[in-house]
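S.K.: Sharing start.pdb, PDB, C-alpha atoms:
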```
ATOM      1  CA  MET A   1     -26.269   7.982  31.487
ATOM      2  CA  PHE A   2     -24.248   8.479  28.296
ATOM      3  CA  VAL A   3     -25.773   6.867  25.225
ATOM      4  CA  LEU A   4     -23.199   6.088  22.551
ATOM      5  CA  LEU A   5     -24.508   7.435  19.261
ATOM      6  CA  SER A   6     -23.124   6.553  15.852
ATOM      7  CA  ILE A   7     -20.460   8.637  14.170
ATOM      8  CA  LYS A   8     -23.087   9.470  11.508
ATOM      9  CA  HIS A   9     -25.069  11.332  14.179
ATOM     10  CA  TYR A  10     -22.130  13.578  15.055
ATOM     11  CA  LEU A  11     -21.062  13.886  11.428
ATOM     12  CA  CYS A  12     -24.508  15.212  10.511
ATOM     13  CA  ILE A  13     -24.323  17.733  13.346
ATOM     14  CA  GLY A  14     -20.852  18.823  12.232
ATOM     15  CA  LYS A  15     -21.976  19.303   8.617
ATOM     16  CA  GLY A  16     -24.930  21.288   9.812
ATOM     17  CA  THR A  17     -22.791  23.706  11.794
ATOM     18  CA  LEU A  18     -21.304  26.317   9.489
ATOM     19  CA  LYS A  19     -18.641  27.300  12.004
ATOM     20  CA  GLY A  20     -17.637  23.647  12.567
ATOM     21  CA  THR A  21     -17.459  22.994   8.835
ATOM     22  CA  PHE A  22     -15.337  26.085   8.259
ATOM     23  CA  MET A  23     -12.957  25.155  11.070
ATOM     24  CA  PHE A  24     -12.589  21.628   9.717
ATOM     25  CA  GLU A  25     -11.243  23.008   6.445
ATOM     26  CA  ILE A  26      -8.037  24.057   8.186
ATOM     27  CA  ILE A  27      -7.175  20.352   8.567
ATOM     28  CA  GLN A  28      -7.796  19.722   4.872
ATOM     29  CA  LYS A  29      -5.489  22.632   4.086
ATOM     30  CA  TYR A  30      -2.516  20.616   5.326
ATOM     31  CA  PHE A  31      -3.529  16.931   5.322
ATOM     32  CA  THR A  32      -5.021  14.559   2.779
ATOM     33  CA  LEU A  33      -7.659  12.468   4.520
ATOM     34  CA  ASN A  34      -9.421   9.300   3.475
ATOM     35  CA  GLU A  35     -13.180   8.974   3.951
ATOM     36  CA  VAL A  36     -12.917   7.389   7.396
ATOM     37  CA  GLN A  37     -10.445   9.980   8.679
ATOM     38  CA  GLU A  38     -12.554  12.832   7.353
ATOM     39  CA  GLY A  39     -15.643  11.487   9.079
ATOM     40  CA  GLN A  40     -13.794  11.024  12.348
ATOM     41  CA  ILE A  41     -12.263  14.497  12.361
ATOM     42  CA  ARG A  42     -15.507  16.173  11.313
ATOM     43  CA  ALA A  43     -17.301  14.457  14.204
ATOM     44  CA  LEU A  44     -14.914  15.924  16.798
ATOM     45  CA  ASP A  45     -16.553  19.356  16.766
ATOM     46  CA  ALA A  46     -19.979  18.185  17.951
ATOM     47  CA  LEU A  47     -18.504  15.620  20.345
ATOM     48  CA  TYR A  48     -16.212  18.057  22.115
ATOM     49  CA  ARG A  49     -18.968  20.658  22.335
ATOM     50  CA  GLU A  50     -21.288  18.082  23.886
ATOM     51  CA  TRP A  51     -18.763  16.775  26.380
ATOM     52  CA  ASN A  52     -17.357  20.188  27.200
ATOM     53  CA  GLY A  53     -20.784  21.150  28.475
ATOM     54  CA  LYS A  54     -20.414  18.408  31.088
ATOM     55  CA  ILE A  55     -16.683  18.293  31.811
ATOM     56  CA  ASN A  56     -14.410  21.177  30.889
ATOM     57  CA  VAL A  57     -11.582  19.631  28.854
ATOM     58  CA  VAL A  58     -11.212  22.557  26.425
ATOM     59  CA  SER A  59     -11.491  26.158  27.576
ATOM     60  CA  ARG A  60     -15.045  27.240  26.840
ATOM     61  CA  LYS A  61     -13.631  30.439  25.365
ATOM     62  CA  ASP A  62     -11.540  28.327  23.000
ATOM     63  CA  ILE A  63     -14.020  25.676  21.853
ATOM     64  CA  ASP A  64     -14.695  27.580  18.615
ATOM     65  CA  ASN A  65     -10.990  27.180  17.834
ATOM     66  CA  LEU A  66     -10.999  23.416  18.386
ATOM     67  CA  TYR A  67      -9.614  22.491  14.970
ATOM     68  CA  GLU A  68      -6.825  25.062  14.870
ATOM     69  CA  HIS A  69      -5.740  25.253  18.518
ATOM     70  CA  HIS A  70      -6.187  21.595  19.440
ATOM     71  CA  VAL A  71      -6.549  19.234  16.466
ATOM     72  CA  LEU A  72      -4.099  20.902  14.077
ATOM     73  CA  HIS A  73      -1.748  21.746  16.947
ATOM     74  CA  SER A  74      -1.660  18.045  17.847
ATOM     75  CA  LEU A  75      -0.901  17.162  14.238
ATOM     76  CA  ALA A  76       2.265  19.263  14.291
ATOM     77  CA  ILE A  77       3.802  16.012  15.569
ATOM     78  CA  ALA A  78       2.664  14.086  12.499
ATOM     79  CA  SER A  79       5.740  14.525  10.311
ATOM     80  CA  LEU A  80       7.994  13.251  13.101
ATOM     81  CA  ILE A  81       6.173   9.942  13.477
ATOM     82  CA  SER A  82       5.104   9.263   9.886
ATOM     83  CA  GLN A  83       6.402   6.307   7.862
ATOM     84  CA  GLN A  84       7.076   4.153  10.912
ATOM     85  CA  LYS A  85       6.405   0.437  11.168
ATOM     86  CA  ALA A  86       2.876  -0.801  11.757
ATOM     87  CA  GLY A  87       2.298  -1.526  15.433
ATOM     88  CA  LEU A  88       4.416   1.419  16.625
ATOM     89  CA  LYS A  89       3.594   1.966  20.319
ATOM     90  CA  VAL A  90       2.885   5.581  21.267
ATOM     91  CA  LEU A  91       2.182   6.895  24.764
ATOM     92  CA  ASP A  92       0.220  10.142  25.088
ATOM     93  CA  LEU A  93       1.281  11.303  28.534
ATOM     94  CA  GLY A  94      -1.149  13.732  30.175
ATOM     95  CA  THR A  95      -3.698  13.459  27.383
ATOM     96  CA  GLY A  96      -6.335  15.642  29.043
ATOM     97  CA  GLY A  97      -9.376  15.332  26.794
ATOM     98  CA  GLY A  98      -7.437  13.440  24.129
ATOM     99  CA  PHE A  99      -4.734  15.721  22.717
ATOM    100  CA  PRO A 100      -2.500  15.006  20.940
ATOM    101  CA  GLY A 101      -3.436  11.322  21.057
ATOM    102  CA  ILE A 102      -6.836  11.268  19.362
ATOM    103  CA  PRO A 103      -5.902  13.332  16.268
ATOM    104  CA  LEU A 104      -2.702  11.303  15.857
ATOM    105  CA  ALA A 105      -4.577   8.007  16.254
ATOM    106  CA  ILE A 106      -6.980   9.112  13.513
ATOM    107  CA  MET A 107      -4.089   9.891  11.175
ATOM    108  CA  TYR A 108      -2.136   6.699  11.964
ATOM    109  CA  PRO A 109      -4.584   3.793  12.343
ATOM    110  CA  ASP A 110      -1.756   1.238  12.089
ATOM    111  CA  TYR A 111      -0.047   2.575  15.239
ATOM    112  CA  ARG A 112      -1.048   1.630  18.787
ATOM    113  CA  PHE A 113      -1.788   4.505  21.161
ATOM    114  CA  LYS A 114      -2.217   4.593  24.912
ATOM    115  CA  LEU A 115      -3.694   7.780  26.372
ATOM    116  CA  ILE A 116      -3.132   8.346  30.077
ATOM    117  CA  ASP A 117      -3.934  11.128  32.510
ATOM    118  CA  SER A 118      -3.969  11.523  36.274
ATOM    119  CA  ILE A 119      -7.458  13.083  36.146
ATOM    120  CA  GLY A 120     -10.010  10.326  35.672
ATOM    121  CA  LYS A 121     -12.862  12.428  34.292
ATOM    122  CA  LYS A 122     -10.656  13.715  31.478
ATOM    123  CA  VAL A 123      -9.679  10.180  30.512
ATOM    124  CA  ARG A 124     -13.359   9.226  30.455
ATOM    125  CA  VAL A 125     -14.052  12.043  27.997
ATOM    126  CA  ALA A 126     -11.152  10.984  25.755
ATOM    127  CA  GLN A 127     -12.358   7.377  25.805
ATOM    128  CA  ALA A 128     -15.976   8.332  25.085
ATOM    129  CA  ILE A 129     -14.915  10.458  22.116
ATOM    130  CA  GLY A 130     -12.503   7.824  20.802
ATOM    131  CA  ASN A 131     -15.215   5.176  21.049
ATOM    132  CA  ALA A 132     -17.813   7.437  19.426
ATOM    133  CA  ILE A 133     -15.661   7.930  16.314
ATOM    134  CA  GLY A 134     -14.716   4.262  16.153
ATOM    135  CA  LEU A 135     -11.017   4.398  17.001
ATOM    136  CA  LYS A 136      -9.723   0.825  17.244
ATOM    137  CA  ASN A 137      -6.070   1.614  17.925
ATOM    138  CA  CYS A 138      -6.381   3.384  21.300
ATOM    139  CA  GLU A 139      -6.511   2.356  24.905
ATOM    140  CA  TYR A 140      -7.141   4.731  27.782
ATOM    141  CA  ALA A 141      -6.047   4.642  31.399
ATOM    142  CA  HIS A 142      -6.498   6.764  34.508
ATOM    143  CA  LEU A 143      -2.860   6.694  35.595
ATOM    144  CA  ARG A 144      -0.068   8.907  36.753
ATOM    145  CA  ALA A 145       2.895   8.575  34.404
ATOM    146  CA  GLN A 146       5.020   7.041  37.157
ATOM    147  CA  GLU A 147       2.451   4.236  37.570
ATOM    148  CA  ASP A 148       2.563   3.111  33.953
ATOM    149  CA  LYS A 149       5.074   0.281  33.574
ATOM    150  CA  GLU A 150       4.805  -0.394  29.849
ATOM    151  CA  LYS A 151       7.488   0.327  27.254
ATOM    152  CA  TYR A 152       6.874   2.447  24.163
ATOM    153  CA  ASP A 153       8.564   3.482  20.959
ATOM    154  CA  ILE A 154       7.514   7.126  21.323
ATOM    155  CA  THR A 155       6.060   9.305  24.071
ATOM    156  CA  VAL A 156       4.172  12.441  23.046
ATOM    157  CA  SER A 157       2.936  15.232  25.285
ATOM    158  CA  ARG A 158       1.341  18.631  25.016
ATOM    159  CA  ALA A 159       2.435  21.251  27.559
ATOM    160  CA  VAL A 160       2.220  18.753  30.415
ATOM    161  CA  MET A 161       5.193  19.711  32.577
ATOM    162  CA  ASP A 162       8.707  21.098  32.533
ATOM    163  CA  LEU A 163      10.862  19.189  30.059
ATOM    164  CA  SER A 164      13.466  18.227  32.680
ATOM    165  CA  GLU A 165      10.820  16.631  34.886
ATOM    166  CA  LEU A 166       9.184  14.928  31.939
ATOM    167  CA  LEU A 167      12.482  13.379  30.850
ATOM    168  CA  LYS A 168      13.057  11.896  34.290
ATOM    169  CA  ILE A 169       9.722  10.104  34.022
ATOM    170  CA  VAL A 170       9.915   8.813  30.452
ATOM    171  CA  ARG A 171      13.607   8.102  29.877
ATOM    172  CA  SER A 172      13.167   4.451  30.882
ATOM    173  CA  LYS A 173       9.817   4.068  29.100
ATOM    174  CA  CYS A 174      10.494   4.958  25.483
ATOM    175  CA  LYS A 175      13.030   5.516  22.707
ATOM    176  CA  THR A 176      11.889   8.986  21.637
ATOM    177  CA  LEU A 177      10.160  11.910  23.340
ATOM    178  CA  ILE A 178       8.203  14.476  21.303
ATOM    179  CA  CYS A 179       6.631  17.493  23.034
ATOM    180  CA  LEU A 180       4.504  20.417  21.990
ATOM    181  CA  LYS A 181       5.826  23.507  23.738
ATOM    182  CA  GLY A 182       5.377  27.256  23.777
ATOM    183  CA  GLY A 183       7.059  30.281  25.276
ATOM    184  CA  ASN A 184      10.776  30.354  26.073
ATOM    185  CA  VAL A 185      11.467  26.855  24.845
ATOM    186  CA  GLU A 186      15.221  27.372  24.347
ATOM    187  CA  GLU A 187      15.657  28.124  28.041
ATOM    188  CA  GLU A 188      13.663  25.022  28.973
ATOM    189  CA  VAL A 189      15.701  22.835  26.615
ATOM    190  CA  ALA A 190      18.971  24.287  27.939
ATOM    191  CA  LYS A 191      17.898  23.414  31.477
ATOM    192  CA  ALA A 192      17.034  19.858  30.418
ATOM    193  CA  HIS A 193      20.344  19.517  28.577
ATOM    194  CA  SER A 194      22.253  20.601  31.686
ATOM    195  CA  VAL A 195      20.570  17.791  33.623
ATOM    196  CA  MET A 196      21.027  15.203  30.850
ATOM    197  CA  PRO A 197      23.961  16.429  28.706
ATOM    198  CA  ASN A 198      24.147  13.227  26.665
ATOM    199  CA  LEU A 199      20.801  13.984  24.991
ATOM    200  CA  ASN A 200      20.445  15.913  21.737
ATOM    201  CA  PHE A 201      17.322  17.994  21.233
ATOM    202  CA  THR A 202      15.709  19.336  18.072
ATOM    203  CA  ILE A 203      13.450  22.399  18.238
ATOM    204  CA  THR A 204      11.168  22.942  15.259
ATOM    205  CA  PRO A 205       8.919  26.017  15.025
ATOM    206  CA  ILE A 206       5.375  24.898  14.269
ATOM    207  CA  SER A 207       5.193  27.874  11.913
ATOM    208  CA  ASP A 208       7.467  25.792   9.646
ATOM    209  CA  TYR A 209       4.449  23.518   9.134
ATOM    210  CA  PHE A 210       1.416  25.789   9.518
ATOM    211  CA  ASP A 211       1.175  29.446   8.549
ATOM    212  CA  GLU A 212      -1.588  30.580  10.937
ATOM    213  CA  GLU A 213      -0.588  33.407  13.286
ATOM    214  CA  TRP A 214      -1.523  31.393  16.380
ATOM    215  CA  PHE A 215       1.376  28.985  15.815
ATOM    216  CA  LYS A 216       4.074  31.616  16.132
ATOM    217  CA  GLU A 217       6.215  30.958  19.250
ATOM    218  CA  LYS A 218       4.974  27.370  19.421
ATOM    219  CA  TYR A 219       7.374  24.496  18.894
ATOM    220  CA  VAL A 220       7.872  20.759  18.549
ATOM    221  CA  VAL A 221      10.729  19.550  20.758
ATOM    222  CA  ALA A 222      12.095  16.068  20.176
ATOM    223  CA  CYS A 223      14.946  13.937  21.484
ATOM    224  CA  LYS A 224      16.166  10.358  21.262
ATOM    225  CA  LEU A 225      16.530   8.683  24.642
TER     226      LEU A 225
END
```
Let's see the structure in the file written out as structure tokens.

M.R.:
Amino acid sequence: MFVLLSIKHYLCIGKGTLKGTFMFEIIQKYFTLNEVQEGQIRALDALYREWNGKINVVSRKDIDNLYEHHVLHSLAIASLISQQKAGLKVLDLGTGGGFPGIPLAIMYPDYRFKLIDSIGKKVRVAQAIGNAIGLKNCEYAHLRAQEDKEKYDITVSRAVMDLSELLKIVRSKCKTLICLKGGNVEEEVAKAHSVMPNLNFTITPISDYFDEEWFKEKYVVACKL
């Protein structure tokens, strides 16, 4: 049975872990956080380590890179959704263990997020972590994207599926699609554009935002639907 502990419990663990504290500083390098946001993001290290021991939502070889490869990577979307109206509805499609939805929900408490995934145990981890850090602006659902009938302002996703297939699913659900992609993204966008030539895509290298080596050849792809 999972016992929900307070965020102070996980915050104390995070502060006591030198590696976790050091990794957290990469977020502060790029973002100004208030006290609540700092506490929530600091707590993620201990929470994901705990849950990853039960259900593998982050590669065990990569858990030490949680803040750079997962939290900061998710926040590459931040500049594209900032300064929107309160109540903005955001769908995180294929959230896995909560990326990019949880970091974005921490940064934008006035927006409403729905995190969905077709794998129920991953959604349960995302929900447990969101609840543990006190997120009030998230809901979670074990759903395939095709089963979700709600409408959204923005859909975000992180390496979920081919862009062409993703567009077919979300084009009737939202006004804007924003994806985190890697590899030969220009070829993938060209393929999507050939299927839907009326759409205009923007491709932004994440290295424009963050200067760590890991972000080279990683991109934010966005289009209005």

S.K.: Could you state which residues are captured by the PyMOL selection byres ((chain A and resi 175) around 12) in this file, as a list in words?

M.R.: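 Applied to this file, the PyMOL selection byres ((chain A and resi 175) around 12) selects Leu88, Lys89, Val90, Leu91, Lys151, Tyr152, Asp153, Ile154, Thr155, Val156, Leu167, Val170, Arg171, Ser172, Lys173, Cys174, Thr176, Leu177, Ile178, Leu199, Ala222, Cys223, Lys224 and Leu225 of chain A.
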
S.K.: Extract, using all atoms listed in the file, all DNA, RNA and protein residues at most 9 Å from Ile116 in chain A, discarding same-chain residues fewer than 3 positions from it, and format them as a count of residues only.

M.R.: 17

S.K.: Please evaluate the PyMOL selection byres ((chain A and resi 158) around 6) against the structure above and give the resulting residues as a PyMOL selection string.

M.R.: chain A and resi 157+159-160+179-180

S.K.: How many Å separate CA of Asp162 in chain A from CA of Ile203 in chain A?

M.R.: 15.1 Å

S.K.: Counting only C-alpha atoms, which of A:Leu80, A:Val57, A:Ile106, A:Val185 gets nearest to Ala43 in chain A?

M.R.: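 The shortest atom-to-atom distance to Ala43 in chain A comes from A:Ile106.
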
S.K.: Suppose a student applies the PyMOL selection byres ((chain A and resi 206) around 10) to this structure; what residues should they get, written as a short mmCIF file (atom, residue, chain, number, x, y, z; two decimals) with C-alpha atoms, in the frame of the given file?

M.R.:
```cif
data_model
loop_
_atom_site.label_atom_id
_atom_site.label_comp_id
_atom_site.auth_asym_id
_atom_site.auth_seq_id
_atom_site.Cartn_x
_atom_site.Cartn_y
_atom_site.Cartn_z
CA HIS A 73 -1.75 21.75 16.95
CA LEU A 75 -0.90 17.16 14.24
CA ALA A 76 2.26 19.26 14.29
CA ILE A 77 3.80 16.01 15.57
CA LEU A 180 4.50 20.42 21.99
CA LYS A 181 5.83 23.51 23.74
CA GLY A 182 5.38 27.26 23.78
CA ILE A 203 13.45 22.40 18.24
CA THR A 204 11.17 22.94 15.26
CA PRO A 205 8.92 26.02 15.02
CA SER A 207 5.19 27.87 11.91
CA ASP A 208 7.47 25.79 9.65
CA TYR A 209 4.45 23.52 9.13
CA PHE A 210 1.42 25.79 9.52
CA ASP A 211 1.18 29.45 8.55
CA GLU A 212 -1.59 30.58 10.94
CA TRP A 214 -1.52 31.39 16.38
CA PHE A 215 1.38 28.98 15.82
CA LYS A 216 4.07 31.62 16.13
CA GLU A 217 6.22 30.96 19.25
CA LYS A 218 4.97 27.37 19.42
CA TYR A 219 7.37 24.50 18.89
CA VAL A 220 7.87 20.76 18.55
CA VAL A 221 10.73 19.55 20.76
#
```

S.K.: For CA of Lys149 in chain A and CA of Glu165 in chain A, determine how far apart the two atoms are, in Å to one decimal place.

M.R.: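 Answer for the CA of Lys149 in chain A to CA of Glu165 in chain A separation: 17.4 Å.
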
S.K.: Which residue out of A:Tyr111, A:Phe24, A:Phe31, A:Phe201 has the minimum interatomic distance to Lys136 in chain A when all atoms listed in the file are used?

M.R.: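 Of all the options, A:Tyr111 lies closest to Lys136 in chain A.
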
S.K.: Which distance in Å separates CA of Met107 in chain A and CA of Trp51 in chain A, to one decimal?

M.R.: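 So the two atoms, CA of Met107 in chain A and CA of Trp51 in chain A, lie 22.2 Å apart.
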
S.K.: For range 62-71 of chain A, please output as a list of chain:residue names all residues within 8 Å (counting all atoms listed in the file; exclusion window: fewer than 3 positions along the same chain).

M.R.: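 Here the answer would be A:Lys19, A:Gly20, A:Met23, A:Phe24, A:Ile26, A:Ile27, A:Asp45, A:Tyr48, A:Arg49, A:Val58, A:Ser59, A:Ser74, A:Leu75, A:Phe99, A:Pro100, A:Pro103, A:Trp214.
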
S.K.: For a quick check of understanding, using only C-alpha atoms, which of A:Phe113, A:Glu35, A:Ile102, A:Ser194 has the smallest distance to Glu150 in chain A?

M.R.: A:Phe113

S.K.: When distances are computed from all atoms listed in the file, which of A:Asn198, A:Gln37, A:Gln146, A:Asn137 shows the smallest separation from Asp110 in chain A?

M.R.: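 Of all the options, A:Asn137 lies closest to Asp110 in chain A.
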
S.K.: Considering all atoms listed in the file, state which residue in the set A:Lys191, A:Lys168, A:Lys122, A:Arg112 is at the smallest distance from Gln84 in chain A.

M.R.: A:Arg112

S.K.: Measuring atom to atom with all atoms listed in the file, identify which of A:Gln40, A:Asn184, A:Leu104, A:Tyr30 is nearest to Leu163 in chain A.

M.R.: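 For Leu163 in chain A, the nearest of the given residues is A:Asn184.
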
S.K.: N, CA and C atoms are needed for range 47-61 of chain A; please write them out as an mmCIF file, in the coordinates of the input.

M.R.:
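After the write, selection_6.cif holds the following:
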```
data_model
loop_
_atom_site.group_PDB
_atom_site.id
_atom_site.type_symbol
_atom_site.label_atom_id
_atom_site.label_comp_id
_atom_site.auth_asym_id
_atom_site.auth_seq_id
_atom_site.Cartn_x
_atom_site.Cartn_y
_atom_site.Cartn_z
ATOM 1 N N LEU A 47 -18.815 16.428 19.158
ATOM 2 C CA LEU A 47 -18.504 15.620 20.345
ATOM 3 C C LEU A 47 -17.862 16.454 21.445
ATOM 4 N N TYR A 48 -16.867 17.255 21.085
ATOM 5 C CA TYR A 48 -16.212 18.057 22.115
ATOM 6 C C TYR A 48 -17.146 19.136 22.651
ATOM 7 N N ARG A 49 -17.999 19.686 21.828
ATOM 8 C CA ARG A 49 -18.968 20.658 22.335
ATOM 9 C C ARG A 49 -19.916 19.986 23.336
ATOM 10 N N GLU A 50 -20.371 18.797 22.995
ATOM 11 C CA GLU A 50 -21.288 18.082 23.886
ATOM 12 C C GLU A 50 -20.626 17.759 25.223
ATOM 13 N N TRP A 51 -19.434 17.189 25.153
ATOM 14 C CA TRP A 51 -18.763 16.775 26.380
ATOM 15 C C TRP A 51 -18.256 17.970 27.178
ATOM 16 N N ASN A 52 -17.877 19.025 26.490
ATOM 17 C CA ASN A 52 -17.357 20.188 27.200
ATOM 18 C C ASN A 52 -18.440 20.869 28.039
ATOM 19 N N GLY A 53 -19.687 20.635 27.662
ATOM 20 C CA GLY A 53 -20.784 21.150 28.475
ATOM 21 C C GLY A 53 -20.925 20.419 29.789
ATOM 22 N N LYS A 54 -20.333 19.218 29.869
ATOM 23 C CA LYS A 54 -20.414 18.408 31.088
ATOM 24 C C LYS A 54 -19.117 18.459 31.894
ATOM 25 N N ILE A 55 -18.010 18.327 31.187
ATOM 26 C CA ILE A 55 -16.683 18.293 31.811
ATOM 27 C C ILE A 55 -15.769 19.202 30.993
ATOM 28 N N ASN A 56 -15.184 20.172 31.613
ATOM 29 C CA ASN A 56 -14.410 21.177 30.889
ATOM 30 C C ASN A 56 -13.020 20.640 30.541
ATOM 31 N N VAL A 57 -12.887 20.132 29.310
ATOM 32 C CA VAL A 57 -11.582 19.631 28.854
ATOM 33 C C VAL A 57 -10.922 20.589 27.867
ATOM 34 N N VAL A 58 -11.712 21.489 27.293
ATOM 35 C CA VAL A 58 -11.212 22.557 26.425
ATOM 36 C C VAL A 58 -11.784 23.854 26.981
ATOM 37 N N SER A 59 -10.979 24.882 27.090
ATOM 38 C CA SER A 59 -11.491 26.158 27.576
ATOM 39 C C SER A 59 -12.743 26.551 26.797
ATOM 40 N N ARG A 60 -13.781 26.900 27.512
ATOM 41 C CA ARG A 60 -15.045 27.240 26.840
ATOM 42 C C ARG A 60 -14.876 28.452 25.926
ATOM 43 N N LYS A 61 -13.910 29.302 26.236
ATOM 44 C CA LYS A 61 -13.631 30.439 25.365
ATOM 45 C C LYS A 61 -12.913 30.009 24.090
#
```
